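Data block for upload-v9.cif (mmCIF, C-alpha atoms and all ligand atoms):
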```cif
data_my_file
loop_
_atom_site.label_atom_id
_atom_site.label_comp_id
_atom_site.auth_asym_id
_atom_site.auth_seq_id
_atom_site.Cartn_x
_atom_site.Cartn_y
_atom_site.Cartn_z
CA MET M 1 54.07 101.42 92.36
CA GLY M 2 55.82 104.78 92.37
CA PRO M 3 59.05 105.92 90.78
CA MET M 4 61.85 103.42 90.82
CA TYR M 5 65.54 103.74 91.44
CA LYS M 6 66.90 107.12 90.46
CA GLY M 7 70.62 106.74 90.76
CA GLN M 8 73.28 104.31 89.72
CA SER M 9 74.01 103.40 93.30
CA ASN M 10 70.55 101.94 93.74
CA LYS M 11 70.00 99.28 91.13
CA LEU M 12 67.52 97.17 93.07
CA ASN M 13 65.17 95.60 90.59
CA PRO M 14 61.52 95.76 91.82
CA CYS M 15 60.97 92.43 90.05
CA ASP M 16 63.38 90.80 92.51
CA ASP M 17 61.97 92.52 95.58
CA ILE M 18 59.63 90.33 97.58
CA ARG M 19 57.95 93.35 99.22
CA HIS M 20 56.98 94.71 95.83
CA ARG M 21 55.69 91.38 94.66
CA ARG M 22 53.51 90.97 97.76
CA ILE M 23 51.64 94.26 97.32
CA TRP M 24 51.23 93.90 93.61
CA SER M 25 48.04 93.45 91.62
CA LYS M 26 47.42 89.76 90.88
CA SER M 27 46.97 90.53 87.19
CA LYS M 28 50.49 91.92 86.78
CA TRP M 29 53.84 90.25 86.96
CA CYS M 30 57.34 90.85 85.70
CA GLY M 31 57.15 87.80 83.43
CA SER M 32 55.23 89.93 80.93
CA LEU M 33 57.97 92.54 80.60
CA PRO M 34 59.62 92.87 77.17
CA ARG M 35 62.64 90.74 76.44
CA VAL M 36 63.63 92.74 73.40
CA LEU M 37 63.99 96.51 73.03
CA VAL M 38 64.37 98.24 69.69
CA ILE M 39 66.09 101.49 70.67
CA GLY M 40 66.27 103.45 67.41
CA PRO M 41 67.48 106.15 66.84
CA GLN M 42 64.67 108.03 65.07
CA LYS M 43 64.53 108.13 61.26
CA THR M 44 66.58 105.04 60.59
CA GLY M 45 63.73 102.70 59.57
CA SER M 46 62.92 101.78 63.16
CA THR M 47 59.15 101.74 62.53
CA ALA M 48 59.58 99.40 59.56
CA LEU M 49 61.73 97.14 61.71
CA TYR M 50 59.12 97.21 64.47
CA SER M 51 56.30 96.34 62.06
CA PHE M 52 58.33 93.50 60.50
CA LEU M 53 59.16 92.06 63.92
CA ALA M 54 55.51 92.34 64.97
CA MET M 55 54.66 89.90 62.14
CA HIS M 56 56.76 87.19 63.78
CA PRO M 57 54.74 84.54 65.65
CA ALA M 58 57.26 84.44 68.50
CA LEU M 59 57.25 88.20 69.10
CA VAL M 60 54.45 90.17 70.69
CA PRO M 61 54.55 93.97 70.32
CA ASN M 62 53.54 96.38 73.05
CA LEU M 63 50.01 97.77 73.00
CA PRO M 64 50.04 101.33 71.63
CA SER M 65 50.26 104.34 73.92
CA PRO M 66 47.77 107.10 73.09
CA THR M 67 50.06 109.88 74.29
CA THR M 68 53.38 109.20 72.62
CA TYR M 69 52.69 108.38 68.96
CA GLU M 70 52.36 104.72 69.81
CA GLU M 71 55.81 104.51 71.36
CA LEU M 72 55.94 103.93 75.10
CA GLN M 73 59.07 106.04 75.68
CA PHE M 74 59.32 104.73 79.21
CA PHE M 75 63.03 104.68 79.94
CA ASN M 76 63.87 108.06 78.46
CA ASN M 77 61.38 110.54 79.82
CA ASN M 78 58.86 111.28 82.54
CA ASN M 79 56.79 108.21 81.75
CA TYR M 80 59.47 106.51 83.83
CA LEU M 81 58.15 108.33 86.87
CA LYS M 82 54.78 106.64 86.35
CA GLY M 83 56.54 103.50 87.42
CA LEU M 84 56.60 99.83 86.55
CA ASP M 85 52.85 99.41 87.06
CA TRP M 86 52.22 101.87 84.20
CA TYR M 87 54.77 100.18 81.93
CA LEU M 88 53.21 96.77 82.52
CA ASN M 89 49.82 98.02 81.25
CA PHE M 90 51.25 97.82 77.74
CA PHE M 91 52.22 94.17 77.77
CA PRO M 92 49.83 91.21 77.76
CA ALA M 93 49.88 89.46 81.15
CA ASN M 94 49.78 86.04 79.52
CA LEU M 95 51.45 85.21 76.25
CA SER M 96 49.79 82.43 74.33
CA ASN M 97 52.84 80.18 74.48
CA SER M 98 56.09 80.07 76.38
CA SER M 99 58.31 80.61 73.36
CA GLN M 100 56.78 84.04 72.78
CA MET M 101 58.54 87.23 73.86
CA ALA M 102 57.14 90.71 74.28
CA PHE M 103 59.05 93.57 72.70
CA GLU M 104 58.78 97.30 72.30
CA LYS M 105 60.34 100.00 70.12
CA SER M 106 60.97 103.52 71.29
CA ALA M 107 63.36 105.26 68.92
CA THR M 108 64.16 107.95 71.47
CA TYR M 109 65.89 105.45 73.78
CA PHE M 110 69.04 105.31 71.66
CA ASP M 111 70.47 108.71 72.51
CA ALA M 112 68.79 109.31 75.88
CA GLU M 113 71.44 109.66 78.55
CA LEU M 114 69.63 107.67 81.25
CA ALA M 115 67.89 105.05 79.13
CA PRO M 116 70.58 102.33 79.10
CA ARG M 117 71.06 102.40 82.86
CA ARG M 118 67.34 102.45 83.60
CA ALA M 119 66.58 99.75 81.04
CA HIS M 120 69.32 97.53 82.42
CA ALA M 121 68.13 97.99 85.99
CA LEU M 122 64.70 96.58 85.08
CA LEU M 123 65.50 94.30 82.14
CA PRO M 124 69.03 93.01 82.74
CA THR M 125 68.69 90.11 80.30
CA ALA M 126 66.91 92.01 77.50
CA LYS M 127 68.28 91.96 73.96
CA ILE M 128 68.91 95.43 72.60
CA ILE M 129 68.49 96.23 68.92
CA ALA M 130 69.84 99.42 67.36
CA ILE M 131 69.31 100.35 63.72
CA LEU M 132 71.73 102.67 61.94
CA ILE M 133 71.87 104.45 58.60
CA SER M 134 74.24 107.17 57.43
CA PRO M 135 74.08 109.81 60.19
CA SER M 136 73.96 112.60 57.58
CA LYS M 137 70.91 111.05 55.93
CA ARG M 138 69.34 110.51 59.31
CA ALA M 139 69.82 114.17 60.25
CA TYR M 140 68.25 115.34 57.00
CA SER M 141 65.32 112.94 57.28
CA TRP M 142 64.77 114.10 60.88
CA TYR M 143 64.74 117.75 59.78
CA GLN M 144 62.15 116.97 57.09
CA HIS M 145 60.11 115.05 59.62
CA ILE M 146 59.86 117.81 62.22
CA ARG M 147 59.41 120.46 59.53
CA SER M 148 56.39 118.62 58.20
CA HIS M 149 55.10 118.37 61.76
CA GLY M 150 55.11 122.17 61.85
CA ASP M 151 58.14 122.78 64.08
CA PRO M 152 58.45 126.60 63.95
CA VAL M 153 62.26 126.69 64.01
CA ALA M 154 62.54 124.07 61.26
CA ARG M 155 59.99 126.00 59.23
CA ASN M 156 61.90 129.27 59.58
CA TYR M 157 65.42 128.04 58.98
CA SER M 158 66.95 125.98 56.23
CA PHE M 159 68.60 122.66 57.00
CA HIS M 160 71.98 124.18 56.22
CA THR M 161 71.44 127.08 58.64
CA ILE M 162 70.46 124.67 61.40
CA ILE M 163 73.33 122.23 61.05
CA THR M 164 75.93 124.99 60.73
CA ALA M 165 74.57 127.13 63.61
CA ASN M 166 77.41 128.01 65.97
CA ASP M 167 77.31 128.49 69.70
CA SER M 168 76.51 132.20 69.47
CA ALA M 169 73.29 131.43 67.54
CA PRO M 170 69.91 131.94 69.29
CA LYS M 171 69.06 129.18 71.74
CA PRO M 172 66.11 127.67 69.80
CA LEU M 173 68.39 127.28 66.79
CA LYS M 174 71.18 125.70 68.82
CA ASP M 175 68.72 123.37 70.53
CA LEU M 176 67.35 122.22 67.21
CA ARG M 177 70.87 121.76 65.83
CA ASN M 178 71.70 119.53 68.79
CA ARG M 179 68.52 117.50 68.50
CA CYS M 180 69.20 117.07 64.80
CA LEU M 181 72.88 116.16 65.00
CA ASN M 182 73.50 114.50 68.36
CA PRO M 183 71.69 111.19 67.81
CA GLY M 184 74.01 110.61 64.82
CA LYS M 185 77.06 110.39 67.09
CA TYR M 186 76.38 106.69 67.09
CA SER M 187 79.47 105.35 68.81
CA HIS M 188 79.04 107.65 71.79
CA HIS M 189 75.52 106.36 72.42
CA LEU M 190 76.25 102.73 71.62
CA GLU M 191 79.12 102.68 74.12
CA ARG M 192 76.64 103.43 76.91
CA TRP M 193 74.40 100.53 75.85
CA VAL M 194 77.39 98.21 75.55
CA SER M 195 78.71 99.18 78.96
CA GLU M 196 75.35 98.38 80.59
CA PHE M 197 74.29 95.31 78.64
CA GLY M 198 77.53 93.92 77.24
CA ALA M 199 78.17 93.34 73.56
CA HIS M 200 76.51 89.91 73.54
CA GLN M 201 73.08 91.43 74.26
CA LEU M 202 73.36 94.09 71.55
CA HIS M 203 72.58 93.67 67.87
CA VAL M 204 73.12 96.39 65.29
CA VAL M 205 70.87 96.33 62.22
CA ASP M 206 72.17 98.07 59.11
CA GLY M 207 69.15 100.21 58.20
CA ALA M 208 70.25 100.48 54.57
CA ALA M 209 70.40 96.67 54.34
CA LEU M 210 67.00 96.34 56.04
CA ARG M 211 65.58 98.72 53.48
CA ALA M 212 67.14 97.01 50.45
CA GLN M 213 66.97 93.36 51.53
CA PRO M 214 64.78 93.05 54.58
CA ALA M 215 64.56 89.24 54.50
CA ALA M 216 68.35 88.86 54.87
CA ALA M 217 68.56 91.42 57.68
CA LEU M 218 65.65 89.75 59.48
CA HIS M 219 67.26 86.33 59.04
CA ALA M 220 70.34 87.55 60.96
CA LEU M 221 68.18 89.20 63.59
CA GLN M 222 66.11 86.05 64.16
CA LYS M 223 69.33 84.10 64.65
CA PHE M 224 70.56 86.64 67.18
CA LEU M 225 67.25 86.47 69.08
CA LYS M 226 67.18 82.66 68.76
CA LEU M 227 63.59 82.86 67.60
CA SER M 228 61.58 79.74 67.01
CA PRO M 229 60.14 79.23 64.47
CA HIS M 230 62.67 80.82 62.12
CA ILE M 231 60.56 82.36 59.37
CA ASP M 232 61.41 83.32 55.80
CA TYR M 233 60.44 86.95 55.33
CA ASN M 234 60.82 86.59 51.54
CA ASN M 235 57.28 85.23 51.58
CA LEU M 236 55.91 87.92 53.85
CA LEU M 237 57.32 91.14 52.43
CA LYS M 238 57.08 92.55 48.94
CA TYR M 239 58.73 95.56 47.32
CA ASP M 240 56.22 98.30 46.56
CA ALA M 241 57.56 100.36 43.66
CA LYS M 242 55.19 103.24 44.33
CA LYS M 243 56.26 103.57 47.96
CA GLY M 244 59.88 102.71 47.28
CA PHE M 245 60.19 100.17 50.07
CA PHE M 246 59.14 96.74 51.23
CA CYS M 247 55.67 96.29 52.65
CA GLN M 248 53.76 93.51 54.32
CA VAL M 249 51.99 91.04 52.02
CA THR M 250 48.37 90.79 53.14
CA SER M 251 46.48 88.64 50.64
CA GLY M 252 47.39 87.69 47.10
CA GLU M 253 48.93 90.72 45.41
CA LYS M 254 47.88 93.15 48.13
CA THR M 255 50.36 94.82 50.48
CA LYS M 256 50.11 96.90 53.60
CA CYS M 257 52.73 99.67 53.84
CA LEU M 258 53.54 102.08 56.63
CA GLY M 259 51.52 105.32 56.57
CA LYS M 260 52.16 108.59 54.77
CA SER M 261 54.59 109.84 57.40
CA LYS M 262 57.16 107.31 56.15
CA GLY M 263 58.85 107.81 52.83
CA ARG M 264 57.99 111.49 52.37
CA ILE M 265 59.11 113.12 49.15
CA TYR M 266 61.57 115.94 49.75
CA PRO M 267 64.35 117.59 47.72
CA PRO M 268 67.82 116.07 47.85
CA MET M 269 70.26 117.45 50.41
CA GLU M 270 72.30 120.42 49.20
CA GLU M 271 75.86 119.53 48.26
CA ARG M 272 77.31 121.99 50.81
CA SER M 273 75.28 120.40 53.64
CA ALA M 274 76.39 116.92 52.59
CA LYS M 275 80.02 118.07 52.62
CA PHE M 276 79.64 119.78 55.98
CA LEU M 277 78.05 116.70 57.56
CA LYS M 278 80.57 114.30 56.11
CA ARG M 279 83.34 116.26 57.81
CA TYR M 280 81.30 116.81 60.98
CA TYR M 281 80.59 113.12 61.44
CA THR M 282 84.04 111.83 60.44
CA PRO M 283 85.43 111.37 63.97
CA HIS M 284 82.15 109.82 65.13
CA ASN M 285 82.00 107.50 62.13
CA ALA M 286 85.64 106.49 62.64
CA ALA M 287 84.85 105.69 66.28
CA LEU M 288 81.79 103.69 65.20
CA SER M 289 83.82 101.68 62.74
CA LYS M 290 86.37 100.92 65.46
CA LEU M 291 83.65 99.96 67.90
CA LEU M 292 82.00 97.58 65.44
CA VAL M 293 85.35 95.94 64.69
CA ARG M 294 86.02 95.65 68.44
CA LEU M 295 82.63 93.97 68.90
CA GLY M 296 83.31 91.64 65.97
CA ARG M 297 80.44 93.10 63.94
CA PRO M 298 80.39 93.90 60.23
CA VAL M 299 81.09 97.47 59.13
CA PRO M 300 78.15 98.55 56.91
CA PRO M 301 78.98 99.67 53.35
CA TRP M 302 77.56 103.16 53.99
CA LEU M 303 79.98 103.59 56.88
CA LYS M 304 82.98 102.63 54.74
CA ASP M 305 81.64 105.04 52.17
CA GLU M 306 81.34 107.91 54.67
CA LEU M 307 84.91 107.30 55.77
CA SER M 308 86.31 107.20 52.25
CA ASN M 309 88.04 110.27 50.86
CA GLY M 310 85.70 110.65 47.88
P1 LIG M 401 62.10 109.22 55.32
O1 LIG M 401 61.01 109.85 56.11
O2 LIG M 401 63.34 110.04 55.27
O3 LIG M 401 61.68 108.71 53.98
P2 LIG M 401 61.78 105.79 61.56
O4 LIG M 401 60.62 104.86 61.46
O5 LIG M 401 62.93 105.23 62.32
O6 LIG M 401 61.39 107.16 61.98
O7 LIG M 401 62.35 105.93 60.07
C1 LIG M 401 61.61 106.48 59.04
C2 LIG M 401 62.32 106.23 57.73
O8 LIG M 401 62.34 104.83 57.45
C3 LIG M 401 61.65 106.90 56.55
O9 LIG M 401 62.55 107.89 56.10
C4 LIG M 401 61.46 105.76 55.54
O10 LIG M 401 61.83 106.09 54.24
C5 LIG M 401 62.41 104.67 56.06
N1 LIG M 401 62.07 103.29 55.70
C6 LIG M 401 62.98 102.36 55.38
N2 LIG M 401 62.38 101.20 55.08
C7 LIG M 401 61.07 101.39 55.20
C8 LIG M 401 59.93 100.53 55.01
N3 LIG M 401 60.04 99.26 54.63
N4 LIG M 401 58.73 101.06 55.25
C9 LIG M 401 58.61 102.36 55.63
N5 LIG M 401 59.67 103.20 55.82
C10 LIG M 401 60.88 102.71 55.60
#
```
Show how you would write the structure in this file as structure tokens.
Ligand code: A3P
Amino acid sequence: MGPMYKGQSNKLNPCDDIRHRRIWSKSKWCGSLPRVLVIGPQKTGSTALYSFLAMHPALVPNLPSPTTYEELQFFNNNNYLKGLDWYLNFFPANLSNSSQMAFEKSATYFDAELAPRRAHALLPTAKIIAILISPSKRAYSWYQHIRSHGDPVARNYSFHTIITANDSAPKPLKDLRNRCLNPGKYSHHLERWVSEFGAHQLHVVDGAALRAQPAAALHALQKFLKLSPHIDYNNLLKYDAKKGFFCQVTSGEKTKCLGKSKGRIYPPMEERSAKFLKRYYTPHNAALSKLLVRLGRPVPPWLKDELSNG
């Protein structure tokens, strides 16, 4: 099946189209599509959340994609043009029982302009999960991440130079600044997801809470997803002092943590960068706080903190 609907005016879902269903491979059907999407953004603990959810007996993760660091990244980039048939390759055709749901996590969905509309066109009843930490911390973690991946601009310029680059700066610098800072304008992106899916299909995980007390955050998330059975993650996760975060209990005292790329050691953010970002994100954080109140959701402590005068 080729590319699907491109514009807003054409929202025909191929899963509802009898002509599509007739020509389709017998081994594929829309019933295997994910019912839960973890949308990121990047560097908020989204991989930890994904791995914790994958432990749940009622949730079945996507099979890994060899080309995109295990994320499918279907709704946000050219993988979308490979069509539904490609996307379906990553989900088991038959789940072992009817209470199971497939899910996927692509942290680049969150801030991708077209992702909410495309995702809603195919998965109108999906539950959407965003995970948020302080946008300043996220920006710094993202910089460290791409720097360690050898990004030439991040290697040549300091974090402070990148975040404070103005519009007369060279294009590569401006582009990196935008990629670093834009995902942290959380309310702007969340509004697009809310307007497509409605508030009742969206859950916001506080990434700081997931990091500090994963069992409590996962309790709330299971309730939102109405998962059965409801499991107690206190028995499944254990704090690893060496790593500095919770990891999966395997057997006895042993734990399995996420790989080296998570929890890198890097110097603390410079005071001047922290100050700059606090001011930069203030209007966005204020809008996020308002949005969460409007949706009847709790305002995370880090958000109150970012909006305080201290
Ligand atoms: P740092 O690289 O700044 O340490 P994502 O998976 O969304 O890219 O997020 C990566 C970040 O999640 C890492 O940030 C890591 O510290 C953080 N994280 C929080 N809880 C974690 C956990 N239980 N296991 C691994 N990483 C975790």
Next item on the list: Give as a PyMOL selection string the residues surrounding ligand LIG 401 (chain M) up to a distance of 8 Å, considering only C-alpha atoms and all ligand atoms.
Entry: chain M and resi 40-49+107+137-138+140-142+144-145+207-208+210-212+214+244-247+257-259+261-265
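Here CA of Thr164 (chain M) is placed at a distance of 27.0 Å from CA of Arg192 (chain M).
Remark: for Ser289 (chain M), the closest of the candidate residues M:Leu33, M:Ala130, M:Leu202, M:Leu190 is M:Leu190 (distances computed over all atoms listed in the file).
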Next item on the list: List the neighbours of Ala215 (chain M) out to 12 Å using only C-alpha atoms; skip same-chain residues closer than 5 positions along the sequence, and give me the result as a ChimeraX atom specification.
Entry: /M:49,52-53,209-210,220-222,230-239,246-248
Notebook entry, point to check: Mind listing as JSON, numbers by chain all residues within 10 Å of (69.7, 99.9, 82.9), counting only C-alpha atoms?
Noted result: {"M": [8, 11, 13, 75, 114, 115, 116, 117, 118, 119, 120, 121, 122, 123, 124, 126, 192, 193, 195, 196, 197]}
Next item on the list: Can you work out the spacing between CA of Glu104 (chain M) and CA of Leu227 (chain M) in Å, to one decimal?
Entry: 15.9 Å
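A search radius of 6 Å centred on (60.2, 91.1, 73.4), applied to all atoms listed in the file, returns the residues Pro34, Arg35, Val36, Leu59, Met101, Ala102 and Phe103 of chain M.
Minimum atom-to-atom distance to Asn309 (chain M), evaluated using only C-alpha atoms, belongs to M:Lys278 out of M:Asn97, M:Lys26, M:Val293, M:Lys278.
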Check: Using all atoms listed in the file, which of M:Thr250, M:Pro135, M:Gln100, M:Lys260 sits nearest His56 (chain M)?
Finding: M:Gln100
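Checking M:Tyr109, M:Phe91, M:Tyr157, M:Phe276 one by one against Pro170 (chain M), counting only C-alpha atoms, you find the shortest gap at M:Tyr157.
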